[in-house]
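Okay, so here's the structure we're looking at.
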Amino acid sequence: MERSLLGARVATYVYFVLCGTLMGAWVVHIPAVEERVGVSHATLGGLLVLLGLGAFAGMQVAGPLTDRLGTRVVVPATAVLCGASLVLPGLARDPWTLAGALLVFGACNGGLDVSMNAHAVHVEKAYGRPVMSGFHATFSVGGVLAALVAAGATSAGASPVATMAAIGTASIVIALVSLRALMPAAPATERTGSEEETHASPAVGGRSSGRRVWLLAVLALMVMLCEGAANDWSALHLRDVLGASTSTAAFAYGTFAAAMTIGRLLADRVVTRFGSMAVLRHGAIMAAAGITLVALGPWMWAAFAGWALFGLGLSGTVPQLFSAAGHADPEAAGTNVSRVAGLGYVGMLAGPAVIGWLTHVVALNHTFMLLTLLCVTTAVGAGVLRTNSDAVPRSETAGAGR
């Protein structure tokens with residue numbers, strides 16, 4: 001049992017890396033695809049919205065499908081489809097074919113995102129202790145891996161289409177090889193507890209569970225909006241507001257991303273000791289302090305420190321929200337995760353646009369005060385995790401596979 005559970009955990013890491021690698025492989029090839037298709041930046045921006053819409057649709061389909069067929073079926077299936085569809089944007093020759101390619105790739109990627117998170121919830125429940133943040137950290141590792149592979153392939157003279165096809169093919173093979181290690185079904189829910197324990201679990205099923213999942217989704221929207229804003233505006237802030245060079249400004253996002261990755265690698269241990277509510281609340285407060293320093297600090301070192309605090313604070317928030325949604329009702333983990341991930345993804349897409357609109361009214365750095373407000377609101381709303389009776393028991397730290 002311990003060996004099979006460890007195998008399931010390793011397989012989950014593999015699928016998270018694959019998802020990050022496939023998305024990263026698309027991102028690093030955006031300039032080449034834009035040049036091949038011959039579209040303007042503005043047109044490309046509109047086409048990228050279709051990627052998000054496709055991902056959102058894929059999430060909503062994959063969630064219930066995961067609950068019905070099981071993660072062992074849906075996770076590898078969506079991984080194979082995502083790997084196969086990666087090459088489609090590279091093959092596009094005009095805006096219409098690129099639009100279709102992005103819709104398909106986005107839907108497959110969104111389906112993989114939700115199904116692998118549902119499987120991660122099952123693994124975490126079987127372990128009896130927090131492991132979700134570690135999975136999310138490896139997603140970031142996948143993005144770095146994609147950048148390194150693409151850089152090496154470009155230096156070797158490989159075309160973007162060939163590189164994307166190779167990465168997609170390798171991902172399909174790895175997904176199929178890792179299939180057998182996945183858990184066949186969600187761990188059985190304990191139903192033999194005392195009557196008192198039963199009544200103390202309003203989060204399981206019913207209207208209370210539904211309301212709570214949507215509250216988690218709203219919190220996910222807010223924190224992922226903050227993350228999306230950092231992705232697109234951190235470097236521009238240093239360049240346009242503080243006068244940094246383009247090369248120096250690029251380190252703003254690097255600082256944010258590195259801090260977020262480090263935070264996710266450490267978050268599971270922090271959750272084990274202090275609880276998921278504390279990680280969400282204090283992480284949001286830390287993020288609020290960091291982005292306020294960015295917004296008001298006149299010095300470059302303050303900006304770097306602020307982006308690092310912002311990334312570190314946000315790092316553990318999304319994994320806790322996804323985990324809480326999945327544990328709210330193990331039999332509907334896929335559906336609940338799809339709701340939280342779907343609304344959160346809307347926030348990530350909206351973040352850059354919202355900040356852009358606000359720059360017509362106030363200076364770029366002052367628009368970040370909206371992110372401060374969202375982080376403070378998240379901290380106030382973190383109490384929704386207090387009723388998480390399905391959360392992983394903190395006392396069971398001698399779980400399998402340690």
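To be explicit about the labels: the chains of the structure tokens are called A, B, and onward in the order shown, and within each one the residues are counted from 1, while ligands get numbers from 1 in the order they are shown.
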
**Item:** Close residues, range 230-234 of chain A itself excluded, 10 Å, only C-alpha atoms, min 2 positions apart in chain, as an MDAnalysis selection string
**Value:** chainID A and resid 224:228 236:239 249:257 291 294 303:304 307 310:311 348 351:353 355:356 364:365 368 371

Which residues are near range 46-60 of chain A? Cut-off 10 Å, only C-alpha atoms, ignore same chain within fewer than 5 positions. Put them as a PDB file with N, CA, C and O atoms, in the first residue's frame.
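Resulting contents of out_20.pdb:
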ATOM      1  N   ILE A  30       5.276  31.866 -28.484  1.00  0.00           N
ATOM      2  CA  ILE A  30       4.297  32.869 -28.915  1.00  0.00           C
ATOM      3  C   ILE A  30       4.883  33.839 -29.947  1.00  0.00           C
ATOM      4  O   ILE A  30       4.253  34.110 -30.975  1.00  0.00           O
ATOM      5  N   VAL A  39       0.129  38.362 -37.413  1.00  0.00           N
ATOM      6  CA  VAL A  39      -0.887  39.172 -36.731  1.00  0.00           C
ATOM      7  C   VAL A  39      -0.208  40.226 -35.868  1.00  0.00           C
ATOM      8  O   VAL A  39       0.961  40.094 -35.497  1.00  0.00           O
ATOM      9  N   HIS A  41       0.119  42.673 -32.349  1.00  0.00           N
ATOM     10  CA  HIS A  41       0.039  42.388 -30.917  1.00  0.00           C
ATOM     11  C   HIS A  41      -1.412  42.443 -30.443  1.00  0.00           C
ATOM     12  O   HIS A  41      -1.837  41.632 -29.619  1.00  0.00           O
ATOM     13  N   LEU A  65     -16.727  14.898 -15.543  1.00  0.00           N
ATOM     14  CA  LEU A  65     -16.273  13.677 -16.206  1.00  0.00           C
ATOM     15  C   LEU A  65     -15.300  12.905 -15.321  1.00  0.00           C
ATOM     16  O   LEU A  65     -15.320  11.667 -15.275  1.00  0.00           O
ATOM     17  N   THR A  78      -6.604  13.389 -20.937  1.00  0.00           N
ATOM     18  CA  THR A  78      -6.434  14.822 -21.207  1.00  0.00           C
ATOM     19  C   THR A  78      -4.962  15.169 -21.432  1.00  0.00           C
ATOM     20  O   THR A  78      -4.650  16.071 -22.219  1.00  0.00           O
ATOM     21  N   PRO A  95      -5.126  33.848 -38.874  1.00  0.00           N
ATOM     22  CA  PRO A  95      -5.779  34.058 -37.577  1.00  0.00           C
ATOM     23  C   PRO A  95      -6.894  33.070 -37.274  1.00  0.00           C
ATOM     24  O   PRO A  95      -7.101  32.701 -36.119  1.00  0.00           O
ATOM     25  N   TRP A  96      -7.628  32.602 -38.311  1.00  0.00           N
ATOM     26  CA  TRP A  96      -8.742  31.698 -38.066  1.00  0.00           C
ATOM     27  C   TRP A  96      -8.260  30.326 -37.608  1.00  0.00           C
ATOM     28  O   TRP A  96      -8.818  29.746 -36.668  1.00  0.00           O
ATOM     29  N   LEU A  98      -5.401  29.744 -36.204  1.00  0.00           N
ATOM     30  CA  LEU A  98      -4.779  29.927 -34.897  1.00  0.00           C
ATOM     31  C   LEU A  98      -5.854  29.998 -33.817  1.00  0.00           C
ATOM     32  O   LEU A  98      -5.682  29.446 -32.723  1.00  0.00           O
ATOM     33  N   ALA A  99      -6.956  30.659 -34.113  1.00  0.00           N
ATOM     34  CA  ALA A  99      -8.058  30.746 -33.149  1.00  0.00           C
ATOM     35  C   ALA A  99      -8.572  29.350 -32.795  1.00  0.00           C
ATOM     36  O   ALA A  99      -8.761  29.020 -31.619  1.00  0.00           O
ATOM     37  N   GLY A 100      -8.784  28.522 -33.823  1.00  0.00           N
ATOM     38  CA  GLY A 100      -9.252  27.162 -33.563  1.00  0.00           C
ATOM     39  C   GLY A 100      -8.237  26.349 -32.789  1.00  0.00           C
ATOM     40  O   GLY A 100      -8.594  25.589 -31.872  1.00  0.00           O
ATOM     41  N   ALA A 101      -6.960  26.508 -33.137  1.00  0.00           N
ATOM     42  CA  ALA A 101      -5.902  25.760 -32.454  1.00  0.00           C
ATOM     43  C   ALA A 101      -5.828  26.139 -30.977  1.00  0.00           C
ATOM     44  O   ALA A 101      -5.665  25.270 -30.103  1.00  0.00           O
ATOM     45  N   LEU A 102      -5.962  27.428 -30.686  1.00  0.00           N
ATOM     46  CA  LEU A 102      -5.877  27.875 -29.299  1.00  0.00           C
ATOM     47  C   LEU A 102      -7.086  27.418 -28.490  1.00  0.00           C
ATOM     48  O   LEU A 102      -6.964  27.086 -27.309  1.00  0.00           O
ATOM     49  N   LEU A 103      -8.246  27.391 -29.117  1.00  0.00           N
ATOM     50  CA  LEU A 103      -9.427  26.880 -28.420  1.00  0.00           C
ATOM     51  C   LEU A 103      -9.244  25.413 -28.033  1.00  0.00           C
ATOM     52  O   LEU A 103      -9.527  25.010 -26.898  1.00  0.00           O
ATOM     53  N   VAL A 104      -8.737  24.613 -28.976  1.00  0.00           N
ATOM     54  CA  VAL A 104      -8.558  23.184 -28.721  1.00  0.00           C
ATOM     55  C   VAL A 104      -7.471  22.959 -27.673  1.00  0.00           C
ATOM     56  O   VAL A 104      -7.663  22.196 -26.708  1.00  0.00           O
ATOM     57  N   PHE A 105      -6.329  23.614 -27.851  1.00  0.00           N
ATOM     58  CA  PHE A 105      -5.239  23.439 -26.894  1.00  0.00           C
ATOM     59  C   PHE A 105      -5.650  23.919 -25.504  1.00  0.00           C
ATOM     60  O   PHE A 105      -5.355  23.276 -24.491  1.00  0.00           O
ATOM     61  N   GLY A 106      -6.349  25.051 -25.445  1.00  0.00           N
ATOM     62  CA  GLY A 106      -6.807  25.562 -24.154  1.00  0.00           C
ATOM     63  C   GLY A 106      -7.753  24.601 -23.466  1.00  0.00           C
ATOM     64  O   GLY A 106      -7.651  24.370 -22.258  1.00  0.00           O
ATOM     65  N   ALA A 107      -8.682  24.018 -24.222  1.00  0.00           N
ATOM     66  CA  ALA A 107      -9.638  23.074 -23.640  1.00  0.00           C
ATOM     67  C   ALA A 107      -8.923  21.838 -23.094  1.00  0.00           C
ATOM     68  O   ALA A 107      -9.243  21.359 -21.996  1.00  0.00           O
ATOM     69  N   CYS A 108      -7.974  21.322 -23.841  1.00  0.00           N
ATOM     70  CA  CYS A 108      -7.231  20.132 -23.385  1.00  0.00           C
ATOM     71  C   CYS A 108      -6.396  20.445 -22.157  1.00  0.00           C
ATOM     72  O   CYS A 108      -6.333  19.656 -21.207  1.00  0.00           O
ATOM     73  N   ASN A 109      -5.761  21.616 -22.150  1.00  0.00           N
ATOM     74  CA  ASN A 109      -4.940  22.001 -21.006  1.00  0.00           C
ATOM     75  C   ASN A 109      -5.804  22.226 -19.764  1.00  0.00           C
ATOM     76  O   ASN A 109      -5.437  21.827 -18.655  1.00  0.00           O
ATOM     77  N   GLY A 110      -6.962  22.866 -19.945  1.00  0.00           N
ATOM     78  CA  GLY A 110      -7.866  23.069 -18.819  1.00  0.00           C
ATOM     79  C   GLY A 110      -8.377  21.756 -18.257  1.00  0.00           C
ATOM     80  O   GLY A 110      -8.501  21.591 -17.044  1.00  0.00           O
ATOM     81  N   GLY A 111      -8.681  20.798 -19.143  1.00  0.00           N
ATOM     82  CA  GLY A 111      -9.127  19.488 -18.682  1.00  0.00           C
ATOM     83  C   GLY A 111      -8.060  18.773 -17.883  1.00  0.00           C
ATOM     84  O   GLY A 111      -8.341  18.158 -16.838  1.00  0.00           O
ATOM     85  N   LEU A 112      -6.815  18.851 -18.344  1.00  0.00           N
ATOM     86  CA  LEU A 112      -5.707  18.234 -17.609  1.00  0.00           C
ATOM     87  C   LEU A 112      -5.516  18.919 -16.264  1.00  0.00           C
ATOM     88  O   LEU A 112      -5.292  18.250 -15.245  1.00  0.00           O
ATOM     89  N   ASP A 113      -5.619  20.238 -16.247  1.00  0.00           N
ATOM     90  CA  ASP A 113      -5.436  20.998 -15.016  1.00  0.00           C
ATOM     91  C   ASP A 113      -6.416  20.532 -13.936  1.00  0.00           C
ATOM     92  O   ASP A 113      -6.023  20.245 -12.797  1.00  0.00           O
ATOM     93  N   VAL A 114      -7.683  20.449 -14.274  1.00  0.00           N
ATOM     94  CA  VAL A 114      -8.700  20.076 -13.287  1.00  0.00           C
ATOM     95  C   VAL A 114      -8.559  18.616 -12.867  1.00  0.00           C
ATOM     96  O   VAL A 114      -8.607  18.290 -11.674  1.00  0.00           O
ATOM     97  N   SER A 115      -8.394  17.719 -13.823  1.00  0.00           N
ATOM     98  CA  SER A 115      -8.356  16.288 -13.488  1.00  0.00           C
ATOM     99  C   SER A 115      -7.137  15.941 -12.642  1.00  0.00           C
ATOM    100  O   SER A 115      -7.223  15.145 -11.704  1.00  0.00           O
ATOM    101  N   GLY A 334     -13.824  16.402  -8.564  1.00  0.00           N
ATOM    102  CA  GLY A 334     -13.555  16.977  -9.878  1.00  0.00           C
ATOM    103  C   GLY A 334     -14.448  18.155 -10.181  1.00  0.00           C
ATOM    104  O   GLY A 334     -13.984  19.204 -10.647  1.00  0.00           O
ATOM    105  N   THR A 335     -15.743  18.019  -9.909  1.00  0.00           N
ATOM    106  CA  THR A 335     -16.685  19.109 -10.164  1.00  0.00           C
ATOM    107  C   THR A 335     -16.367  20.323  -9.321  1.00  0.00           C
ATOM    108  O   THR A 335     -16.358  21.462  -9.812  1.00  0.00           O
ATOM    109  N   ASN A 336     -16.093  20.115  -8.048  1.00  0.00           N
ATOM    110  CA  ASN A 336     -15.801  21.238  -7.155  1.00  0.00           C
ATOM    111  C   ASN A 336     -14.492  21.932  -7.516  1.00  0.00           C
ATOM    112  O   ASN A 336     -14.410  23.160  -7.497  1.00  0.00           O
ATOM    113  N   VAL A 337     -13.482  21.145  -7.845  1.00  0.00           N
ATOM    114  CA  VAL A 337     -12.214  21.750  -8.260  1.00  0.00           C
ATOM    115  C   VAL A 337     -12.398  22.523  -9.557  1.00  0.00           C
ATOM    116  O   VAL A 337     -11.818  23.602  -9.739  1.00  0.00           O
ATOM    117  N   SER A 338     -13.232  22.015 -10.471  1.00  0.00           N
ATOM    118  CA  SER A 338     -13.447  22.719 -11.737  1.00  0.00           C
ATOM    119  C   SER A 338     -14.104  24.077 -11.512  1.00  0.00           C
ATOM    120  O   SER A 338     -13.828  25.030 -12.230  1.00  0.00           O
ATOM    121  N   ARG A 339     -14.983  24.167 -10.524  1.00  0.00           N
ATOM    122  CA  ARG A 339     -15.616  25.444 -10.221  1.00  0.00           C
ATOM    123  C   ARG A 339     -14.614  26.454  -9.676  1.00  0.00           C
ATOM    124  O   ARG A 339     -14.571  27.606 -10.117  1.00  0.00           O
ATOM    125  N   VAL A 340     -13.802  26.003  -8.732  1.00  0.00           N
ATOM    126  CA  VAL A 340     -12.812  26.898  -8.137  1.00  0.00           C
ATOM    127  C   VAL A 340     -11.736  27.270  -9.161  1.00  0.00           C
ATOM    128  O   VAL A 340     -11.376  28.441  -9.301  1.00  0.00           O
ATOM    129  N   ALA A 341     -11.234  26.271  -9.885  1.00  0.00           N
ATOM    130  CA  ALA A 341     -10.195  26.535 -10.880  1.00  0.00           C
ATOM    131  C   ALA A 341     -10.732  27.385 -12.018  1.00  0.00           C
ATOM    132  O   ALA A 341     -10.038  28.285 -12.517  1.00  0.00           O
ATOM    133  N   GLY A 342     -11.978  27.126 -12.431  1.00  0.00           N
ATOM    134  CA  GLY A 342     -12.557  27.877 -13.536  1.00  0.00           C
ATOM    135  C   GLY A 342     -12.707  29.349 -13.216  1.00  0.00           C
ATOM    136  O   GLY A 342     -12.302  30.211 -14.000  1.00  0.00           O
ATOM    137  N   LEU A 343     -13.280  29.655 -12.053  1.00  0.00           N
ATOM    138  CA  LEU A 343     -13.447  31.060 -11.677  1.00  0.00           C
ATOM    139  C   LEU A 343     -12.097  31.704 -11.399  1.00  0.00           C
ATOM    140  O   LEU A 343     -11.872  32.880 -11.716  1.00  0.00           O
ATOM    141  N   GLY A 344     -11.176  30.924 -10.819  1.00  0.00           N
ATOM    142  CA  GLY A 344      -9.831  31.447 -10.604  1.00  0.00           C
ATOM    143  C   GLY A 344      -9.145  31.776 -11.908  1.00  0.00           C
ATOM    144  O   GLY A 344      -8.447  32.792 -12.025  1.00  0.00           O
ATOM    145  N   TYR A 345      -9.345  30.944 -12.918  1.00  0.00           N
ATOM    146  CA  TYR A 345      -8.732  31.184 -14.224  1.00  0.00           C
ATOM    147  C   TYR A 345      -9.295  32.442 -14.861  1.00  0.00           C
ATOM    148  O   TYR A 345      -8.575  33.191 -15.528  1.00  0.00           O
ATOM    149  N   VAL A 346     -10.589  32.700 -14.655  1.00  0.00           N
ATOM    150  CA  VAL A 346     -11.178  33.953 -15.129  1.00  0.00           C
ATOM    151  C   VAL A 346     -10.449  35.137 -14.498  1.00  0.00           C
ATOM    152  O   VAL A 346     -10.159  36.135 -15.162  1.00  0.00           O
ATOM    153  N   MET A 348      -7.343  35.174 -13.379  1.00  0.00           N
ATOM    154  CA  MET A 348      -5.989  35.293 -13.925  1.00  0.00           C
ATOM    155  C   MET A 348      -6.003  35.977 -15.291  1.00  0.00           C
ATOM    156  O   MET A 348      -5.118  36.769 -15.611  1.00  0.00           O
ATOM    157  N   LEU A 349      -7.012  35.676 -16.102  1.00  0.00           N
ATOM    158  CA  LEU A 349      -7.127  36.320 -17.411  1.00  0.00           C
ATOM    159  C   LEU A 349      -7.521  37.782 -17.270  1.00  0.00           C
ATOM    160  O   LEU A 349      -7.075  38.640 -18.044  1.00  0.00           O
ATOM    161  N   ALA A 350      -8.375  38.076 -16.283  1.00  0.00           N
ATOM    162  CA  ALA A 350      -8.874  39.438 -16.123  1.00  0.00           C
ATOM    163  C   ALA A 350      -7.847  40.365 -15.498  1.00  0.00           C
ATOM    164  O   ALA A 350      -7.875  41.579 -15.749  1.00  0.00           O
TER     165      ALA A 350
END

Next item on the list: Using only C-alpha atoms, pick whichever of A:Ala118, A:Val73, A:Ala146, A:Leu374 has the shortest atom-to-atom distance to Cys19 in chain A.
Entry: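 Closest residue, counting only C-alpha atoms: A:Ala146.
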